[in-house]
file work-v7.cif (mmCIF, C-alpha atoms)
data_input
#
loop_
_atom_site.label_atom_id
_atom_site.label_comp_id
_atom_site.auth_asym_id
_atom_site.auth_seq_id
_atom_site.Cartn_x
_atom_site.Cartn_y
_atom_site.Cartn_z
CA MET A 1 -15.57 6.12 -5.52
CA ALA A 2 -16.39 5.63 -9.21
CA LYS A 3 -13.48 4.69 -11.42
CA THR A 4 -12.67 6.09 -14.84
CA GLN A 5 -10.55 4.25 -17.36
CA LEU A 6 -7.47 6.13 -18.54
CA ASN A 7 -5.32 4.79 -21.36
CA VAL A 8 -1.70 5.89 -21.30
CA ARG A 9 1.12 5.09 -23.70
CA VAL A 10 4.63 4.85 -22.30
CA ASP A 11 7.87 3.38 -23.58
CA GLU A 12 8.66 -0.24 -22.71
CA GLY A 13 11.28 0.73 -20.11
CA THR A 14 8.78 2.87 -18.22
CA ALA A 15 6.15 0.13 -18.41
CA ARG A 16 8.64 -2.45 -17.13
CA ALA A 17 9.70 -0.15 -14.27
CA ALA A 18 6.06 0.45 -13.30
CA ARG A 19 5.36 -3.31 -13.27
CA GLU A 20 8.48 -4.03 -11.21
CA ARG A 21 7.80 -1.28 -8.67
CA ALA A 22 4.16 -2.29 -8.29
CA LEU A 23 5.13 -5.94 -7.83
CA ALA A 24 7.74 -5.00 -5.23
CA ARG A 25 5.04 -3.13 -3.31
CA GLY A 26 2.53 -5.96 -3.66
CA MET A 27 0.01 -3.94 -5.62
CA SER A 28 -1.39 -3.67 -9.11
CA VAL A 29 0.16 -1.32 -11.65
CA ASN A 30 -3.14 0.55 -11.66
CA ARG A 31 -2.98 1.16 -7.91
CA TYR A 32 0.72 2.06 -8.10
CA ILE A 33 0.07 4.72 -10.76
CA GLU A 34 -2.97 5.98 -8.88
CA GLU A 35 -0.89 6.43 -5.71
CA LEU A 36 1.85 8.25 -7.62
CA VAL A 37 -0.68 10.72 -8.97
CA ARG A 38 -2.22 11.21 -5.53
CA GLN A 39 1.21 11.93 -4.07
CA ASP A 40 1.96 14.37 -6.86
CA THR A 41 -1.31 16.21 -6.32
CA GLY A 42 -0.79 16.62 -2.58
CA GLU A 43 -2.77 13.66 -1.30
CA ALA A 44 0.32 11.94 0.08
CA GLY A 45 -1.01 11.95 3.64
CA ARG A 46 -4.15 10.10 2.66
CA ALA A 47 -2.22 7.69 0.46
CA PHE A 48 0.14 6.99 3.36
CA VAL A 49 -2.72 6.24 5.73
CA GLU A 50 -4.35 3.95 3.16
CA ALA A 51 -1.04 2.15 2.56
CA ALA A 52 -0.51 1.77 6.31
CA ALA A 53 -4.02 0.35 6.71
CA ASP A 54 -3.38 -2.10 3.86
CA PHE A 55 -0.09 -3.10 5.49
CA MET A 56 -1.80 -3.74 8.82
CA LYS A 57 -4.51 -5.82 7.13
CA GLN A 58 -1.88 -7.87 5.27
CA TYR A 59 0.23 -8.55 8.36
CA GLU A 60 -2.49 -8.69 11.00
CA GLY A 61 -1.90 -12.41 11.51
CA VAL A 62 1.85 -11.94 11.89
CA PHE A 63 1.35 -9.32 14.58
CA ALA A 64 -1.23 -11.48 16.35
CA ASP A 65 1.15 -14.46 16.29
CA GLU A 66 4.05 -12.37 17.55
CA PHE A 67 2.28 -10.37 20.25
CA GLY A 68 -0.86 -12.42 20.90
CA LYS A 69 -4.45 -11.38 20.34
CA ASP A 70 -5.07 -11.19 24.10
CA ARG A 71 -2.58 -8.28 24.30
CA GLU A 72 -3.99 -6.19 21.43
CA GLY A 73 -4.42 -2.58 22.42
CA THR A 74 -2.79 -3.00 25.81
CA ARG A 75 0.44 -1.48 27.05
CA GLU A 76 1.96 -4.99 27.25
CA GLY A 77 1.16 -5.50 23.57
CA ARG A 78 3.22 -2.43 22.63
CA ARG A 79 6.56 -3.42 24.17
#
call {"tool": "encode", "arguments": {"input": "work-v7.cif", "output": "structure tokens"}}
result
Amino acid sequence: MAKTQLNVRVDEGTARAARERALARGMSVNRYIEELVRQDTGEAGRAFVEAAADFMKQYEGVFADEFGKDREGTREGRR
């Protein structure tokens, strides 16, 4: 999807809060703001699925270490 630059002016407290919340979620301020707008415009379901996919990509190794790659997708792997 093509991106469009949008310049927004906010007070320093709002900017600080946006930076802190984005950092806490492990994402850029740009992505954080983009997700907030998507949620506000009714695209929360899609945003959730994208966030879940990102989470799984980030922690794929942790899950593989914990449950073992040989058990992926099996009933034993879901205990």
call {"tool": "atom_distance", "arguments": {"input": "work-v7.cif", "atom1": "CA of Gln5 in chain A", "atom2": "CA of Arg25 in chain A"}}
result
22.2 Å
call {"tool": "atom_distance", "arguments": {"input": "work-v7.cif", "atom1": "CA of Arg9 in chain A", "atom2": "CA of Ala47 in chain A"}}
result
24.5 Å
call {"tool": "resolve_selection", "arguments": {"input": "work-v7.cif", "expression": "the PyMOL selection byres ((chain A and resi 18) around 12)", "output": "ChimeraX atom specification"}}
result
/A:10-17,19-25,27-36
call {"tool": "atom_distance", "arguments": {"input": "work-v7.cif", "atom1": "CA of Glu50 in chain A", "atom2": "CA of Lys3 in chain A"}}
result
17.2 Å
call {"tool": "build_atoms", "arguments": {"input": "work-v7.cif", "residues": "range 38-49 of chain A", "atoms": "all heavy atoms", "output": "PDB file, in the coordinates of the input"}}
result
ATOM      1  N   ARG A  38      -1.741  10.626  -6.785  1.00  0.00           N
ATOM      2  CA  ARG A  38      -2.220  11.210  -5.530  1.00  0.00           C
ATOM      3  C   ARG A  38      -1.089  11.932  -4.801  1.00  0.00           C
ATOM      4  O   ARG A  38      -1.277  13.031  -4.278  1.00  0.00           O
ATOM      5  CB  ARG A  38      -2.781  10.130  -4.610  1.00  0.00           C
ATOM      6  CG  ARG A  38      -4.168   9.732  -4.952  1.00  0.00           C
ATOM      7  CD  ARG A  38      -4.703   8.821  -3.882  1.00  0.00           C
ATOM      8  NE  ARG A  38      -5.978   8.296  -4.285  1.00  0.00           N
ATOM      9  CZ  ARG A  38      -6.423   7.098  -3.968  1.00  0.00           C
ATOM     10  NH1 ARG A  38      -5.686   6.284  -3.241  1.00  0.00           N
ATOM     11  NH2 ARG A  38      -7.600   6.701  -4.364  1.00  0.00           N
ATOM     12  N   GLN A  39       0.069  11.300  -4.736  1.00  0.00           N
ATOM     13  CA  GLN A  39       1.210  11.930  -4.070  1.00  0.00           C
ATOM     14  C   GLN A  39       1.588  13.221  -4.771  1.00  0.00           C
ATOM     15  O   GLN A  39       1.879  14.226  -4.130  1.00  0.00           O
ATOM     16  CB  GLN A  39       2.405  10.980  -4.044  1.00  0.00           C
ATOM     17  CG  GLN A  39       2.213   9.809  -3.115  1.00  0.00           C
ATOM     18  CD  GLN A  39       3.324   8.796  -3.236  1.00  0.00           C
ATOM     19  OE1 GLN A  39       4.311   9.000  -3.919  1.00  0.00           O
ATOM     20  NE2 GLN A  39       3.156   7.665  -2.580  1.00  0.00           N
ATOM     21  N   ASP A  40       1.571  13.200  -6.086  1.00  0.00           N
ATOM     22  CA  ASP A  40       1.960  14.370  -6.860  1.00  0.00           C
ATOM     23  C   ASP A  40       0.958  15.504  -6.727  1.00  0.00           C
ATOM     24  O   ASP A  40       1.313  16.667  -6.863  1.00  0.00           O
ATOM     25  CB  ASP A  40       2.137  13.985  -8.331  1.00  0.00           C
ATOM     26  CG  ASP A  40       2.776  15.089  -9.142  1.00  0.00           C
ATOM     27  OD1 ASP A  40       3.816  15.638  -8.693  1.00  0.00           O
ATOM     28  OD2 ASP A  40       2.240  15.424 -10.211  1.00  0.00           O
ATOM     29  N   THR A  41      -0.281  15.177  -6.442  1.00  0.00           N
ATOM     30  CA  THR A  41      -1.310  16.210  -6.320  1.00  0.00           C
ATOM     31  C   THR A  41      -1.567  16.594  -4.862  1.00  0.00           C
ATOM     32  O   THR A  41      -2.563  17.241  -4.557  1.00  0.00           O
ATOM     33  CB  THR A  41      -2.638  15.756  -6.967  1.00  0.00           C
ATOM     34  OG1 THR A  41      -3.085  14.556  -6.340  1.00  0.00           O
ATOM     35  CG2 THR A  41      -2.483  15.558  -8.453  1.00  0.00           C
ATOM     36  N   GLY A  42      -0.690  16.189  -3.966  1.00  0.00           N
ATOM     37  CA  GLY A  42      -0.790  16.620  -2.580  1.00  0.00           C
ATOM     38  C   GLY A  42      -1.621  15.742  -1.679  1.00  0.00           C
ATOM     39  O   GLY A  42      -1.931  16.125  -0.563  1.00  0.00           O
ATOM     40  N   GLU A  43      -1.986  14.564  -2.131  1.00  0.00           N
ATOM     41  CA  GLU A  43      -2.770  13.660  -1.300  1.00  0.00           C
ATOM     42  C   GLU A  43      -1.886  12.608  -0.653  1.00  0.00           C
ATOM     43  O   GLU A  43      -2.345  11.528  -0.318  1.00  0.00           O
ATOM     44  CB  GLU A  43      -3.864  13.009  -2.140  1.00  0.00           C
ATOM     45  CG  GLU A  43      -4.880  13.988  -2.674  1.00  0.00           C
ATOM     46  CD  GLU A  43      -6.004  13.296  -3.432  1.00  0.00           C
ATOM     47  OE1 GLU A  43      -6.273  12.125  -3.151  1.00  0.00           O
ATOM     48  OE2 GLU A  43      -6.583  13.940  -4.301  1.00  0.00           O
ATOM     49  N   ALA A  44      -0.623  12.919  -0.454  1.00  0.00           N
ATOM     50  CA  ALA A  44       0.320  11.940   0.080  1.00  0.00           C
ATOM     51  C   ALA A  44      -0.089  11.453   1.458  1.00  0.00           C
ATOM     52  O   ALA A  44       0.065  10.280   1.784  1.00  0.00           O
ATOM     53  CB  ALA A  44       1.725  12.526   0.111  1.00  0.00           C
ATOM     54  N   GLY A  45      -0.602  12.343   2.288  1.00  0.00           N
ATOM     55  CA  GLY A  45      -1.010  11.950   3.640  1.00  0.00           C
ATOM     56  C   GLY A  45      -2.082  10.881   3.607  1.00  0.00           C
ATOM     57  O   GLY A  45      -1.992   9.874   4.307  1.00  0.00           O
ATOM     58  N   ARG A  46      -3.080  11.089   2.774  1.00  0.00           N
ATOM     59  CA  ARG A  46      -4.150  10.100   2.660  1.00  0.00           C
ATOM     60  C   ARG A  46      -3.641   8.795   2.080  1.00  0.00           C
ATOM     61  O   ARG A  46      -3.989   7.717   2.548  1.00  0.00           O
ATOM     62  CB  ARG A  46      -5.294  10.643   1.815  1.00  0.00           C
ATOM     63  CG  ARG A  46      -6.522   9.745   1.872  1.00  0.00           C
ATOM     64  CD  ARG A  46      -7.655  10.340   1.118  1.00  0.00           C
ATOM     65  NE  ARG A  46      -7.551   9.884  -0.254  1.00  0.00           N
ATOM     66  CZ  ARG A  46      -8.454  10.087  -1.172  1.00  0.00           C
ATOM     67  NH1 ARG A  46      -9.509  10.802  -0.890  1.00  0.00           N
ATOM     68  NH2 ARG A  46      -8.308   9.616  -2.376  1.00  0.00           N
ATOM     69  N   ALA A  47      -2.788   8.892   1.066  1.00  0.00           N
ATOM     70  CA  ALA A  47      -2.220   7.690   0.460  1.00  0.00           C
ATOM     71  C   ALA A  47      -1.396   6.916   1.478  1.00  0.00           C
ATOM     72  O   ALA A  47      -1.442   5.689   1.524  1.00  0.00           O
ATOM     73  CB  ALA A  47      -1.362   8.058  -0.755  1.00  0.00           C
ATOM     74  N   PHE A  48      -0.653   7.652   2.327  1.00  0.00           N
ATOM     75  CA  PHE A  48       0.140   6.990   3.360  1.00  0.00           C
ATOM     76  C   PHE A  48      -0.755   6.241   4.336  1.00  0.00           C
ATOM     77  O   PHE A  48      -0.480   5.087   4.690  1.00  0.00           O
ATOM     78  CB  PHE A  48       1.005   8.005   4.113  1.00  0.00           C
ATOM     79  CG  PHE A  48       1.707   7.401   5.293  1.00  0.00           C
ATOM     80  CD1 PHE A  48       2.865   6.665   5.110  1.00  0.00           C
ATOM     81  CD2 PHE A  48       1.195   7.556   6.567  1.00  0.00           C
ATOM     82  CE1 PHE A  48       3.506   6.082   6.192  1.00  0.00           C
ATOM     83  CE2 PHE A  48       1.830   6.982   7.656  1.00  0.00           C
ATOM     84  CZ  PHE A  48       2.985   6.245   7.473  1.00  0.00           C
ATOM     85  N   VAL A  49      -1.810   6.872   4.776  1.00  0.00           N
ATOM     86  CA  VAL A  49      -2.720   6.240   5.730  1.00  0.00           C
ATOM     87  C   VAL A  49      -3.359   5.010   5.102  1.00  0.00           C
ATOM     88  O   VAL A  49      -3.466   3.956   5.745  1.00  0.00           O
ATOM     89  CB  VAL A  49      -3.792   7.239   6.223  1.00  0.00           C
ATOM     90  CG1 VAL A  49      -4.886   6.527   7.011  1.00  0.00           C
ATOM     91  CG2 VAL A  49      -3.143   8.325   7.062  1.00  0.00           C
TER      92      VAL A  49
END
